[in-house]
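Source file my_file37.tsv; content: TSV, C-alpha atoms.
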chain	number	residue	atom	x	y	z
G	1	MET	CA	296.12	138.49	217.37
G	2	GLY	CA	293.35	140.74	216.09
G	3	GLY	CA	291.43	137.86	214.54
G	4	ILE	CA	294.16	137.38	211.94
G	5	ILE	CA	293.81	134.17	210.01
G	6	GLN	CA	297.33	133.43	208.82
G	7	THR	CA	297.94	131.35	205.73
G	8	GLU	CA	301.03	130.74	203.64
G	9	ASP	CA	300.18	133.74	201.49
G	10	ASP	CA	299.05	135.80	204.52
G	11	THR	CA	295.48	136.45	203.47
G	12	TRP	CA	292.78	137.47	205.93
G	13	THR	CA	289.14	136.46	206.18
G	14	VAL	CA	285.97	138.22	207.25
G	15	ALA	CA	282.51	136.64	207.11
G	16	GLY	CA	283.87	133.84	204.98
G	17	ARG	CA	285.41	136.16	202.38
G	18	ARG	CA	289.16	136.06	201.85
G	19	PHE	CA	291.32	139.03	200.90
G	20	ARG	CA	294.97	139.55	200.08
G	21	SER	CA	295.02	143.33	200.42
G	22	ARG	CA	294.87	144.66	203.96
G	23	LEU	CA	293.89	148.12	202.79
G	24	VAL	CA	290.19	148.97	202.50
G	25	VAL	CA	289.35	152.28	200.84
G	26	GLY	CA	286.34	154.52	200.45
G	27	THR	CA	284.71	155.79	197.28
G	28	GLY	CA	283.71	159.30	198.32
G	29	LYS	CA	285.19	162.82	198.25
G	30	TYR	CA	287.01	162.48	194.91
G	31	LYS	CA	286.63	165.14	192.22
G	32	ASP	CA	284.96	162.66	189.88
G	33	LEU	CA	284.38	158.95	189.34
G	34	GLN	CA	287.38	158.67	187.03
G	35	GLU	CA	289.71	159.80	189.81
G	36	THR	CA	287.90	157.47	192.21
G	37	ALA	CA	288.58	154.51	189.96
G	38	ALA	CA	292.22	155.42	189.36
G	39	ALA	CA	292.98	155.85	193.05
G	40	ILE	CA	291.29	152.60	194.03
G	41	GLU	CA	293.23	150.75	191.34
G	42	ALA	CA	296.50	152.24	192.60
G	43	SER	CA	295.69	151.30	196.20
G	44	GLY	CA	295.49	147.60	195.43
G	45	ALA	CA	292.38	147.38	197.60
G	46	GLU	CA	289.93	144.54	197.06
G	47	MET	CA	287.17	145.91	199.29
G	48	VAL	CA	285.65	149.39	198.96
G	49	THR	CA	283.18	151.15	201.20
G	50	VAL	CA	280.14	152.79	199.66
G	51	ALA	CA	278.11	155.46	201.41
G	52	VAL	CA	274.63	154.30	200.46
G	53	ARG	CA	273.04	157.68	201.21
G	54	ARG	CA	275.54	159.64	199.12
G	55	VAL	CA	276.54	157.50	196.14
G	56	ASN	CA	274.34	156.73	193.16
G	57	LEU	CA	273.95	152.97	192.93
G	58	SER	CA	270.59	152.64	191.23
G	59	ASP	CA	269.77	155.58	188.89
G	60	PRO	CA	271.05	154.75	185.38
G	61	LYS	CA	270.24	158.28	184.22
G	62	ALA	CA	273.06	159.66	186.39
G	63	PRO	CA	276.73	158.62	186.66
G	64	MET	CA	276.91	155.35	188.58
G	65	LEU	CA	279.77	154.10	190.72
G	66	GLN	CA	279.43	150.59	189.26
G	67	ASP	CA	280.39	151.90	185.80
G	68	HIS	CA	283.82	152.91	187.14
G	69	VAL	CA	284.44	150.57	190.09
G	70	ASP	CA	283.41	147.11	188.94
G	71	PRO	CA	281.47	145.24	191.67
G	72	LYS	CA	282.66	141.98	190.08
G	73	LYS	CA	286.25	143.01	190.76
G	74	TYR	CA	285.80	144.71	194.13
G	75	THR	CA	283.80	143.69	197.18
G	76	TYR	CA	281.35	146.49	197.88
G	77	LEU	CA	280.88	147.27	201.57
G	78	PRO	CA	277.78	149.47	201.95
G	79	ASN	CA	278.03	151.76	204.95
G	80	THR	CA	275.79	154.05	206.93
G	81	ALA	CA	277.85	157.25	206.65
G	82	GLY	CA	275.73	160.21	207.70
G	83	CYS	CA	273.43	158.22	209.98
G	84	HIS	CA	272.94	159.57	213.49
G	85	THR	CA	270.28	157.17	214.78
G	86	ALA	CA	270.00	153.41	214.92
G	87	LYS	CA	266.72	153.57	212.99
G	88	ASP	CA	268.30	155.45	210.08
G	89	ALA	CA	271.28	153.10	209.97
G	90	VAL	CA	269.15	149.97	209.88
G	91	ARG	CA	266.84	151.43	207.25
G	92	THR	CA	269.80	152.49	205.08
G	93	LEU	CA	271.35	149.03	205.04
G	94	ARG	CA	268.04	147.33	204.36
G	95	LEU	CA	267.67	149.59	201.32
G	96	ALA	CA	271.20	148.66	200.25
G	97	ARG	CA	270.34	144.98	200.44
G	98	GLU	CA	267.25	145.55	198.33
G	99	ALA	CA	269.25	147.53	195.76
G	100	GLY	CA	272.25	145.24	195.39
G	101	GLY	CA	271.74	142.14	197.50
G	102	TRP	CA	274.57	143.12	199.86
G	103	THR	CA	274.62	141.44	203.27
G	104	LEU	CA	278.20	142.24	204.33
G	105	VAL	CA	277.91	145.81	205.58
G	106	LYS	CA	279.67	148.47	207.60
G	107	LEU	CA	277.66	149.94	210.44
G	108	GLU	CA	278.46	153.38	211.79
G	109	VAL	CA	276.18	155.52	213.92
G	110	LEU	CA	277.68	158.91	214.60
G	111	GLY	CA	277.30	161.40	217.39
G	112	PRO	CA	276.77	165.11	216.67
G	113	PRO	CA	279.25	167.45	214.96
G	114	PRO	CA	281.94	168.62	215.19
G	115	HIS	CA	283.55	165.41	216.44
G	116	LEU	CA	281.19	162.76	215.00
G	117	TYR	CA	282.40	160.32	217.63
G	118	PRO	CA	280.73	156.89	217.49
G	119	ASP	CA	277.39	156.83	219.34
G	120	MET	CA	277.86	153.49	221.06
G	121	PRO	CA	274.36	153.00	222.59
G	122	ALA	CA	272.84	153.58	219.14
G	123	THR	CA	275.50	151.35	217.57
G	124	PHE	CA	274.59	148.47	219.89
G	125	GLU	CA	270.91	148.95	219.07
G	126	ALA	CA	271.48	148.98	215.32
G	127	ALA	CA	273.91	146.05	215.41
G	128	GLU	CA	271.42	143.89	217.28
G	129	ALA	CA	268.67	144.64	214.74
G	130	LEU	CA	270.93	144.02	211.73
G	131	LEU	CA	272.33	140.76	213.08
G	132	LYS	CA	268.81	139.48	213.72
G	133	ASP	CA	267.96	140.46	210.15
G	134	GLY	CA	270.72	138.29	208.68
G	135	PHE	CA	273.38	140.92	207.97
G	136	GLU	CA	277.11	140.31	208.44
G	137	VAL	CA	278.13	143.41	210.32
G	138	MET	CA	281.52	145.09	210.33
G	139	VAL	CA	281.09	147.77	212.96
G	140	TYR	CA	282.73	151.16	213.48
G	141	CYS	CA	283.22	151.84	217.17
G	142	ALA	CA	284.99	153.81	219.87
G	143	ASP	CA	288.50	152.81	220.93
G	144	ASP	CA	286.96	151.04	223.91
G	145	PRO	CA	287.88	147.40	224.72
G	146	VAL	CA	284.66	146.84	226.68
G	147	ALA	CA	282.47	148.03	223.80
G	148	ALA	CA	284.51	146.02	221.31
G	149	ARG	CA	284.13	142.84	223.35
G	150	ARG	CA	280.37	143.34	223.55
G	151	LEU	CA	280.05	143.84	219.79
G	152	GLU	CA	282.10	140.70	219.13
G	153	GLU	CA	279.99	138.67	221.56
G	154	MET	CA	276.86	139.92	219.82
G	155	GLY	CA	278.15	138.34	216.61
G	156	CYS	CA	279.69	141.19	214.62
G	157	ALA	CA	282.02	140.00	211.86
G	158	ALA	CA	284.70	142.64	212.44
G	159	ILE	CA	285.50	145.42	214.89
G	160	MET	CA	286.58	148.79	213.48
G	161	PRO	CA	287.76	151.28	216.13
G	162	LEU	CA	288.66	154.82	215.16
G	163	GLY	CA	292.25	155.97	215.19
G	164	ALA	CA	291.08	159.59	215.42
G	165	PRO	CA	287.87	161.46	214.47
G	166	ILE	CA	286.57	160.85	210.95
G	167	GLY	CA	288.34	162.93	208.33
G	168	SER	CA	290.69	164.55	210.85
G	169	GLY	CA	293.94	163.09	209.52
G	170	LEU	CA	295.36	163.21	213.04
G	171	GLY	CA	296.77	159.69	212.96
G	172	LEU	CA	296.48	157.12	215.75
G	173	GLN	CA	295.80	159.08	218.92
G	174	ASN	CA	295.58	156.14	221.29
G	175	PRO	CA	297.77	153.30	220.01
G	176	ALA	CA	298.04	151.76	223.48
G	177	MET	CA	294.28	151.24	223.70
G	178	LEU	CA	294.13	149.98	220.13
G	179	SER	CA	296.86	147.47	221.01
G	180	ILE	CA	294.76	146.18	223.92
G	181	MET	CA	291.76	145.79	221.62
G	182	ILE	CA	293.87	143.97	219.03
G	183	GLU	CA	295.21	141.61	221.71
G	184	GLN	CA	291.73	140.62	222.88
G	185	ALA	CA	289.99	140.47	219.50
G	186	GLY	CA	288.76	137.15	218.17
G	187	VAL	CA	287.55	138.65	214.90
G	188	PRO	CA	289.34	140.91	212.42
G	189	LEU	CA	290.11	144.36	213.81
G	190	LEU	CA	290.48	147.17	211.28
G	191	VAL	CA	291.69	150.62	212.27
G	192	ASP	CA	289.10	152.94	210.76
G	193	ALA	CA	289.18	156.75	210.58
G	194	GLY	CA	291.83	159.31	211.39
G	195	VAL	CA	294.64	158.05	209.15
G	196	GLY	CA	296.24	161.04	207.47
G	197	THR	CA	299.36	159.77	205.76
G	198	ALA	CA	301.31	156.62	205.01
G	199	SER	CA	303.16	156.47	208.33
G	200	ASP	CA	299.82	156.37	210.19
G	201	ALA	CA	298.74	153.34	208.19
G	202	ALA	CA	302.10	151.65	208.78
G	203	ILE	CA	301.84	152.17	212.54
G	204	ALA	CA	298.35	150.65	212.61
G	205	MET	CA	299.68	147.55	210.89
G	206	GLU	CA	302.83	147.41	213.02
G	207	ILE	CA	300.79	147.15	216.22
G	208	GLY	CA	298.90	144.19	214.76
G	209	ALA	CA	295.72	145.49	213.15
G	210	THR	CA	294.22	143.09	210.64
G	211	ALA	CA	293.74	145.87	208.10
G	212	VAL	CA	293.29	149.63	207.71
G	213	LEU	CA	290.26	151.42	206.32
G	214	LEU	CA	290.59	154.98	205.04
G	215	ASN	CA	289.12	157.45	202.57
G	216	SER	CA	289.93	161.10	203.21
G	217	ALA	CA	293.69	160.53	203.42
G	218	ILE	CA	293.68	159.51	199.76
G	219	ALA	CA	290.77	161.53	198.36
G	220	ASN	CA	291.89	164.79	199.99
G	221	ALA	CA	295.57	164.44	199.07
G	222	LYS	CA	296.98	166.80	196.46
G	223	ASP	CA	297.70	163.73	194.31
G	224	PRO	CA	295.19	161.03	195.29
G	225	VAL	CA	296.55	158.36	192.97
G	226	ARG	CA	300.10	158.75	194.26
G	227	MET	CA	298.87	158.77	197.86
G	228	ALA	CA	296.90	155.60	197.15
G	229	ARG	CA	300.12	153.89	196.06
G	230	ALA	CA	301.85	155.20	199.19
G	231	MET	CA	299.12	153.76	201.40
G	232	LYS	CA	299.39	150.39	199.67
G	233	LEU	CA	303.13	150.25	200.34
G	234	ALA	CA	302.72	151.51	203.92
G	235	VAL	CA	300.20	148.81	204.80
G	236	GLU	CA	302.42	146.15	203.25
G	237	ALA	CA	305.50	147.44	205.09
G	238	GLY	CA	303.68	147.71	208.42
G	239	ARG	CA	302.34	144.19	208.08
G	240	ALA	CA	305.81	142.83	207.24
G	241	ALA	CA	307.29	144.63	210.26
G	242	PHE	CA	304.61	143.16	212.53
G	243	LEU	CA	305.29	139.64	211.28
G	244	ALA	CA	309.05	140.16	211.55
G	245	GLY	CA	308.82	141.29	215.18
G	246	ARG	CA	310.46	144.57	216.06
G	247	MET	CA	313.59	144.80	218.20
G	248	PRO	CA	313.07	145.60	221.90
G	249	ARG	CA	313.11	149.22	222.96
G	250	ARG	CA	315.86	150.19	225.41
G	251	MET	CA	316.88	153.37	227.17
G	252	GLY	CA	320.62	152.93	226.65
G	253	ALA	CA	322.74	152.29	223.59
G	254	ASP	CA	323.57	148.84	222.27
G	255	PRO	CA	326.35	149.16	219.69
G	256	SER	CA	326.06	147.22	216.48
G	257	SER	CA	329.70	146.17	216.76
G	258	PRO	CA	331.21	144.60	219.92
G	259	LEU	CA	333.32	146.85	222.13
G	260	THR	CA	335.79	144.10	223.06
G	261	GLY	CA	338.74	143.00	220.94
G	262	LEU	CA	339.13	146.36	219.24
G	263	ILE	CA	342.24	147.03	217.13
G	264	ARG	CA	344.43	149.51	219.01

Take the structure from the file and write it as structure tokens.
Amino acid sequence: MGGIIQTEDDTWTVAGRRFRSRLVVGTGKYKDLQETAAAIEASGAEMVTVAVRRVNLSDPKAPMLQDHVDPKKYTYLPNTAGCHTAKDAVRTLRLAREAGGWTLVKLEVLGPPPHLYPDMPATFEAAEALLKDGFEVMVYCADDPVAARRLEEMGCAAIMPLGAPIGSGLGLQNPAMLSIMIEQAGVPLLVDAGVGTASDAAIAMEIGATAVLLNSAIANAKDPVRMARAMKLAVEAGRAAFLAGRMPRRMGADPSSPLTGLIR
């Protein structure tokens, strides 16, 4: 389910890269780079997203993310946060490849404020150009099984539907549709955007998502480092519950102890 590649130690793989942690975190919105580094460490994440247009990756005269979040320790996933056209998204990721040699990337093309919902026609356009250009594309998309299938057939390395609008913290608004997408996916499916607290992340994993990607839920918490630890535990618990297989739901009661042979 959901493109999960199960091994004895339950790792997952995307574009030939294997990870133990099923939590992917962002690097933006923190008060400083020290807090960024501490929260990422507490999260246990092995992959971090980097907004190429907003984070300093190349100017040594200014504070650089690499000095605090070691690219030898973490897999950097450049993304196109803030891009509203296919042209801008493609250009941004080509610049990222020139700057750091990155080919595994996260594509997102957003619609207008205030909702910033994925612009799917522009996403298809950008994905096609990037795939032709040799990128391995993890793609942010609408919670739409038809769109997800098309992106997978195009050759995208992972599908990343939103749980709710970016930065909203509303939690999974359409778990039924996400479950359908997970069921049909032949590549990793990561729930991306909308997670607000640990229970949201756990639910995403319980329904079978390969992993969860989030940023604001940690960075905007009153205690980001503690919330990062909470998210780590939530993802692990949700994954364990999924593998264990939950009990069936029923309308009536089913007592834990038998009702026959009672002592009277």

At a cut-off of 6 Å from (277.8, 142.7, 209.3) in the coordinates of the file, what residues are picked up using all atoms listed in the file, written as a PDB file with C-alpha atoms, in the coordinates of the input?
ATOM      1  CA  LEU G 104     278.200 142.240 204.330  1.00  0.00           C
ATOM      2  CA  VAL G 105     277.910 145.810 205.580  1.00  0.00           C
ATOM      3  CA  PHE G 135     273.380 140.920 207.970  1.00  0.00           C
ATOM      4  CA  GLU G 136     277.110 140.310 208.440  1.00  0.00           C
ATOM      5  CA  VAL G 137     278.130 143.410 210.320  1.00  0.00           C
ATOM      6  CA  MET G 138     281.520 145.090 210.330  1.00  0.00           C
ATOM      7  CA  CYS G 156     279.690 141.190 214.620  1.00  0.00           C
ATOM      8  CA  ALA G 157     282.020 140.000 211.860  1.00  0.00           C
TER       9      ALA G 157
END

Please report, as a tab-separated table, each residue of region 170-213 of chain G lying at most 10 Å from region 147-152 of chain G, together with the nearest pair of atoms and the separation in Å rounded to one decimal; use only C-alpha atoms, and order rows by chain and ascending residue number.
residue	atom	partner	partner_atom	distance
G:Met181	CA	G:Ala148	CA	7.3
G:Ile182	CA	G:Ala148	CA	9.8
G:Gln184	CA	G:Arg149	CA	7.9
G:Ala185	CA	G:Arg149	CA	7.4
G:Gly186	CA	G:Glu152	CA	7.6
G:Val187	CA	G:Glu152	CA	7.2
G:Pro188	CA	G:Glu152	CA	9.9
G:Leu189	CA	G:Ala148	CA	9.5

- Item | Among the residues G:Gly252, G:Gly100, G:Pro114, G:Gly238, the one that comes closest to Ala202 (chain G) [using all atoms listed in the file] | G:Gly238

- Message: As an exercise, work out the distance from CA of Ala211 (chain G) to CA of Val50 (chain G) in Å and give it to one decimal place.
- Response: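 Rounded to one decimal, the two atoms are 17.4 Å apart.
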
- Take CA of Val14 (chain G) and CA of Val212 (chain G) and report the distance between them in Å, one decimal. 13.6 Å

Set out as a tab-separated table a contact list for region 100-160 of chain G and region 60-84 of chain G with a cut-off of 6 Å, giving each residue of region 100-160 of chain G that qualifies its closest atom pair and distance in Å to one decimal, counting all atoms listed in the file, ordered by chain and rising residue number.
residue	atom	partner	partner_atom	distance
G:Val105	CA	G:Pro78	CA	5.2
G:Lys106	CA	G:Asn79	CA	4.5
G:Leu107	CA	G:Thr80	CA	5.7
G:Glu108	CA	G:Thr80	CA	5.6
G:Val109	CA	G:His84	CA	5.2
G:Leu110	CA	G:His84	CA	4.9

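Taking only C-alpha atoms into account, Arg226 (chain G) lies nearest to G:Ile40 out of the set G:Ala15, G:Asp59, G:Ile40, G:Asp10.
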
- To one decimal in Å, tell me the separation between CA of Ala217 (chain G) and CA of Ser168 (chain G).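 Spanning CA of Ala217 (chain G) to CA of Ser168 (chain G) is a straight-line distance of 9.0 Å.
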
- Message: When you count all atoms listed in the file, which of these residues is closest to Leu213 (chain G): G:Arg17, G:Arg246, G:Lys232, G:Arg53?
- Response: G:Lys232

- Task: Find the residues around Val235 (chain G) up to 9 Å (all atoms listed in the file counted), leave out those fewer than 2 positions away in its own chain, and share them as an NGL selection string.
- Result: :G and (21-23 or 198-199 or 201-206 or 211-212 or 230-233 or 237-240)

Export of the given selection (C-alpha atoms) as a compact mmCIF listing (two decimals), in the frame of the given file:
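Now in selection_12.txt:
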# COMPACT_ATOMS: atom_id res chain seq x y z
CA SER G 21 295.02 143.33 200.42
CA ARG G 22 294.87 144.66 203.96
CA LEU G 23 293.89 148.12 202.79
CA ALA G 198 301.31 156.62 205.01
CA SER G 199 303.16 156.47 208.33
CA ALA G 201 298.74 153.34 208.19
CA ALA G 202 302.10 151.65 208.78
CA ILE G 203 301.84 152.17 212.54
CA ALA G 204 298.35 150.65 212.61
CA MET G 205 299.68 147.55 210.89
CA GLU G 206 302.83 147.41 213.02
CA ALA G 211 293.74 145.87 208.10
CA VAL G 212 293.29 149.63 207.71
CA ALA G 230 301.85 155.20 199.19
CA MET G 231 299.12 153.76 201.40
CA LYS G 232 299.39 150.39 199.67
CA LEU G 233 303.13 150.25 200.34
CA ALA G 237 305.50 147.44 205.09
CA GLY G 238 303.68 147.71 208.42
CA ARG G 239 302.34 144.19 208.08
CA ALA G 240 305.81 142.83 207.24

- Message: Given the point (301.7, 153.3, 191.2) in the file's coordinates, find the residues that have an atom at most 10 Å from it, counting only C-alpha atoms, and give them as a PyMOL selection string.
- Response: chain G and resi 38-39+41-44+225-230+232-233

- Point out the residue among G:Ala244, G:Leu172, G:Leu93, G:Ala209 with the least atom-to-atom distance to Gly134 (chain G), counting only C-alpha atoms. G:Leu93

Any chance you could build region 161-185 of chain G out to N, CA, C and O atoms and write it as a PDB file, keeping the file's coordinate frame?
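And here's part_10.pdb as it stands now:
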ATOM      1  N   PRO G 161     287.605 150.099 215.278  1.00  0.00           N
ATOM      2  CA  PRO G 161     287.760 151.280 216.130  1.00  0.00           C
ATOM      3  C   PRO G 161     288.419 152.441 215.388  1.00  0.00           C
ATOM      4  O   PRO G 161     289.244 152.231 214.500  1.00  0.00           O
ATOM      5  N   LEU G 162     288.060 153.644 215.775  1.00  0.00           N
ATOM      6  CA  LEU G 162     288.660 154.820 215.160  1.00  0.00           C
ATOM      7  C   LEU G 162     290.070 155.039 215.669  1.00  0.00           C
ATOM      8  O   LEU G 162     290.383 154.750 216.823  1.00  0.00           O
ATOM      9  N   GLY G 163     290.926 155.540 214.782  1.00  0.00           N
ATOM     10  CA  GLY G 163     292.250 155.970 215.190  1.00  0.00           C
ATOM     11  C   GLY G 163     292.224 157.410 215.668  1.00  0.00           C
ATOM     12  O   GLY G 163     292.997 157.818 216.531  1.00  0.00           O
ATOM     13  N   ALA G 164     291.318 158.194 215.076  1.00  0.00           N
ATOM     14  CA  ALA G 164     291.080 159.590 215.420  1.00  0.00           C
ATOM     15  C   ALA G 164     289.741 159.951 214.762  1.00  0.00           C
ATOM     16  O   ALA G 164     289.211 159.172 213.962  1.00  0.00           O
ATOM     17  N   PRO G 165     289.156 161.114 215.077  1.00  0.00           N
ATOM     18  CA  PRO G 165     287.870 161.460 214.470  1.00  0.00           C
ATOM     19  C   PRO G 165     287.880 161.384 212.947  1.00  0.00           C
ATOM     20  O   PRO G 165     288.896 161.640 212.297  1.00  0.00           O
ATOM     21  N   ILE G 166     286.741 161.025 212.390  1.00  0.00           N
ATOM     22  CA  ILE G 166     286.570 160.850 210.950  1.00  0.00           C
ATOM     23  C   ILE G 166     287.061 162.081 210.192  1.00  0.00           C
ATOM     24  O   ILE G 166     286.676 163.217 210.502  1.00  0.00           O
ATOM     25  N   GLY G 167     287.891 161.852 209.196  1.00  0.00           N
ATOM     26  CA  GLY G 167     288.340 162.930 208.330  1.00  0.00           C
ATOM     27  C   GLY G 167     289.337 163.889 208.946  1.00  0.00           C
ATOM     28  O   GLY G 167     289.713 164.873 208.309  1.00  0.00           O
ATOM     29  N   SER G 168     289.804 163.604 210.161  1.00  0.00           N
ATOM     30  CA  SER G 168     290.690 164.550 210.850  1.00  0.00           C
ATOM     31  C   SER G 168     292.132 164.453 210.369  1.00  0.00           C
ATOM     32  O   SER G 168     292.883 165.426 210.447  1.00  0.00           O
ATOM     33  N   GLY G 169     292.546 163.276 209.932  1.00  0.00           N
ATOM     34  CA  GLY G 169     293.940 163.090 209.520  1.00  0.00           C
ATOM     35  C   GLY G 169     294.937 163.202 210.650  1.00  0.00           C
ATOM     36  O   GLY G 169     296.129 163.408 210.406  1.00  0.00           O
ATOM     37  N   LEU G 170     294.491 163.028 211.876  1.00  0.00           N
ATOM     38  CA  LEU G 170     295.360 163.210 213.040  1.00  0.00           C
ATOM     39  C   LEU G 170     296.252 162.002 213.323  1.00  0.00           C
ATOM     40  O   LEU G 170     297.152 162.080 214.146  1.00  0.00           O
ATOM     41  N   GLY G 171     296.004 160.892 212.668  1.00  0.00           N
ATOM     42  CA  GLY G 171     296.770 159.690 212.960  1.00  0.00           C
ATOM     43  C   GLY G 171     296.247 158.979 214.194  1.00  0.00           C
ATOM     44  O   GLY G 171     295.247 159.382 214.795  1.00  0.00           O
ATOM     45  N   LEU G 172     296.925 157.912 214.606  1.00  0.00           N
ATOM     46  CA  LEU G 172     296.480 157.120 215.750  1.00  0.00           C
ATOM     47  C   LEU G 172     296.742 157.886 217.036  1.00  0.00           C
ATOM     48  O   LEU G 172     297.889 158.093 217.427  1.00  0.00           O
ATOM     49  N   GLN G 173     295.667 158.286 217.698  1.00  0.00           N
ATOM     50  CA  GLN G 173     295.800 159.080 218.920  1.00  0.00           C
ATOM     51  C   GLN G 173     295.931 158.237 220.175  1.00  0.00           C
ATOM     52  O   GLN G 173     296.400 158.718 221.193  1.00  0.00           O
ATOM     53  N   ASN G 174     295.518 156.984 220.097  1.00  0.00           N
ATOM     54  CA  ASN G 174     295.580 156.140 221.290  1.00  0.00           C
ATOM     55  C   ASN G 174     296.056 154.732 220.913  1.00  0.00           C
ATOM     56  O   ASN G 174     295.319 153.758 221.055  1.00  0.00           O
ATOM     57  N   PRO G 175     297.281 154.610 220.432  1.00  0.00           N
ATOM     58  CA  PRO G 175     297.770 153.300 220.010  1.00  0.00           C
ATOM     59  C   PRO G 175     297.819 152.271 221.124  1.00  0.00           C
ATOM     60  O   PRO G 175     297.674 151.073 220.871  1.00  0.00           O
ATOM     61  N   ALA G 176     298.003 152.713 222.367  1.00  0.00           N
ATOM     62  CA  ALA G 176     298.040 151.760 223.480  1.00  0.00           C
ATOM     63  C   ALA G 176     296.689 151.068 223.635  1.00  0.00           C
ATOM     64  O   ALA G 176     296.614 149.844 223.804  1.00  0.00           O
ATOM     65  N   MET G 177     295.599 151.843 223.563  1.00  0.00           N
ATOM     66  CA  MET G 177     294.280 151.240 223.700  1.00  0.00           C
ATOM     67  C   MET G 177     293.950 150.364 222.505  1.00  0.00           C
ATOM     68  O   MET G 177     293.359 149.280 222.645  1.00  0.00           O
ATOM     69  N   LEU G 178     294.350 150.805 221.317  1.00  0.00           N
ATOM     70  CA  LEU G 178     294.130 149.980 220.130  1.00  0.00           C
ATOM     71  C   LEU G 178     294.875 148.652 220.264  1.00  0.00           C
ATOM     72  O   LEU G 178     294.364 147.598 219.870  1.00  0.00           O
ATOM     73  N   SER G 179     296.081 148.697 220.821  1.00  0.00           N
ATOM     74  CA  SER G 179     296.860 147.470 221.010  1.00  0.00           C
ATOM     75  C   SER G 179     296.142 146.501 221.949  1.00  0.00           C
ATOM     76  O   SER G 179     296.138 145.285 221.724  1.00  0.00           O
ATOM     77  N   ILE G 180     295.531 147.026 223.000  1.00  0.00           N
ATOM     78  CA  ILE G 180     294.760 146.180 223.920  1.00  0.00           C
ATOM     79  C   ILE G 180     293.595 145.537 223.188  1.00  0.00           C
ATOM     80  O   ILE G 180     293.314 144.342 223.341  1.00  0.00           O
ATOM     81  N   MET G 181     292.904 146.319 222.367  1.00  0.00           N
ATOM     82  CA  MET G 181     291.760 145.790 221.620  1.00  0.00           C
ATOM     83  C   MET G 181     292.203 144.732 220.622  1.00  0.00           C
ATOM     84  O   MET G 181     291.526 143.710 220.435  1.00  0.00           O
ATOM     85  N   ILE G 182     293.337 144.950 219.980  1.00  0.00           N
ATOM     86  CA  ILE G 182     293.870 143.970 219.030  1.00  0.00           C
ATOM     87  C   ILE G 182     294.201 142.670 219.753  1.00  0.00           C
ATOM     88  O   ILE G 182     293.910 141.570 219.281  1.00  0.00           O
ATOM     89  N   GLU G 183     294.799 142.792 220.937  1.00  0.00           N
ATOM     90  CA  GLU G 183     295.210 141.610 221.710  1.00  0.00           C
ATOM     91  C   GLU G 183     294.014 140.761 222.091  1.00  0.00           C
ATOM     92  O   GLU G 183     294.098 139.522 222.103  1.00  0.00           O
ATOM     93  N   GLN G 184     292.887 141.384 222.397  1.00  0.00           N
ATOM     94  CA  GLN G 184     291.730 140.620 222.880  1.00  0.00           C
ATOM     95  C   GLN G 184     290.787 140.190 221.762  1.00  0.00           C
ATOM     96  O   GLN G 184     289.919 139.341 221.973  1.00  0.00           O
ATOM     97  N   ALA G 185     290.957 140.709 220.569  1.00  0.00           N
ATOM     98  CA  ALA G 185     289.990 140.470 219.500  1.00  0.00           C
ATOM     99  C   ALA G 185     290.050 139.040 218.982  1.00  0.00           C
ATOM    100  O   ALA G 185     291.130 138.481 218.760  1.00  0.00           O
TER     101      ALA G 185
END
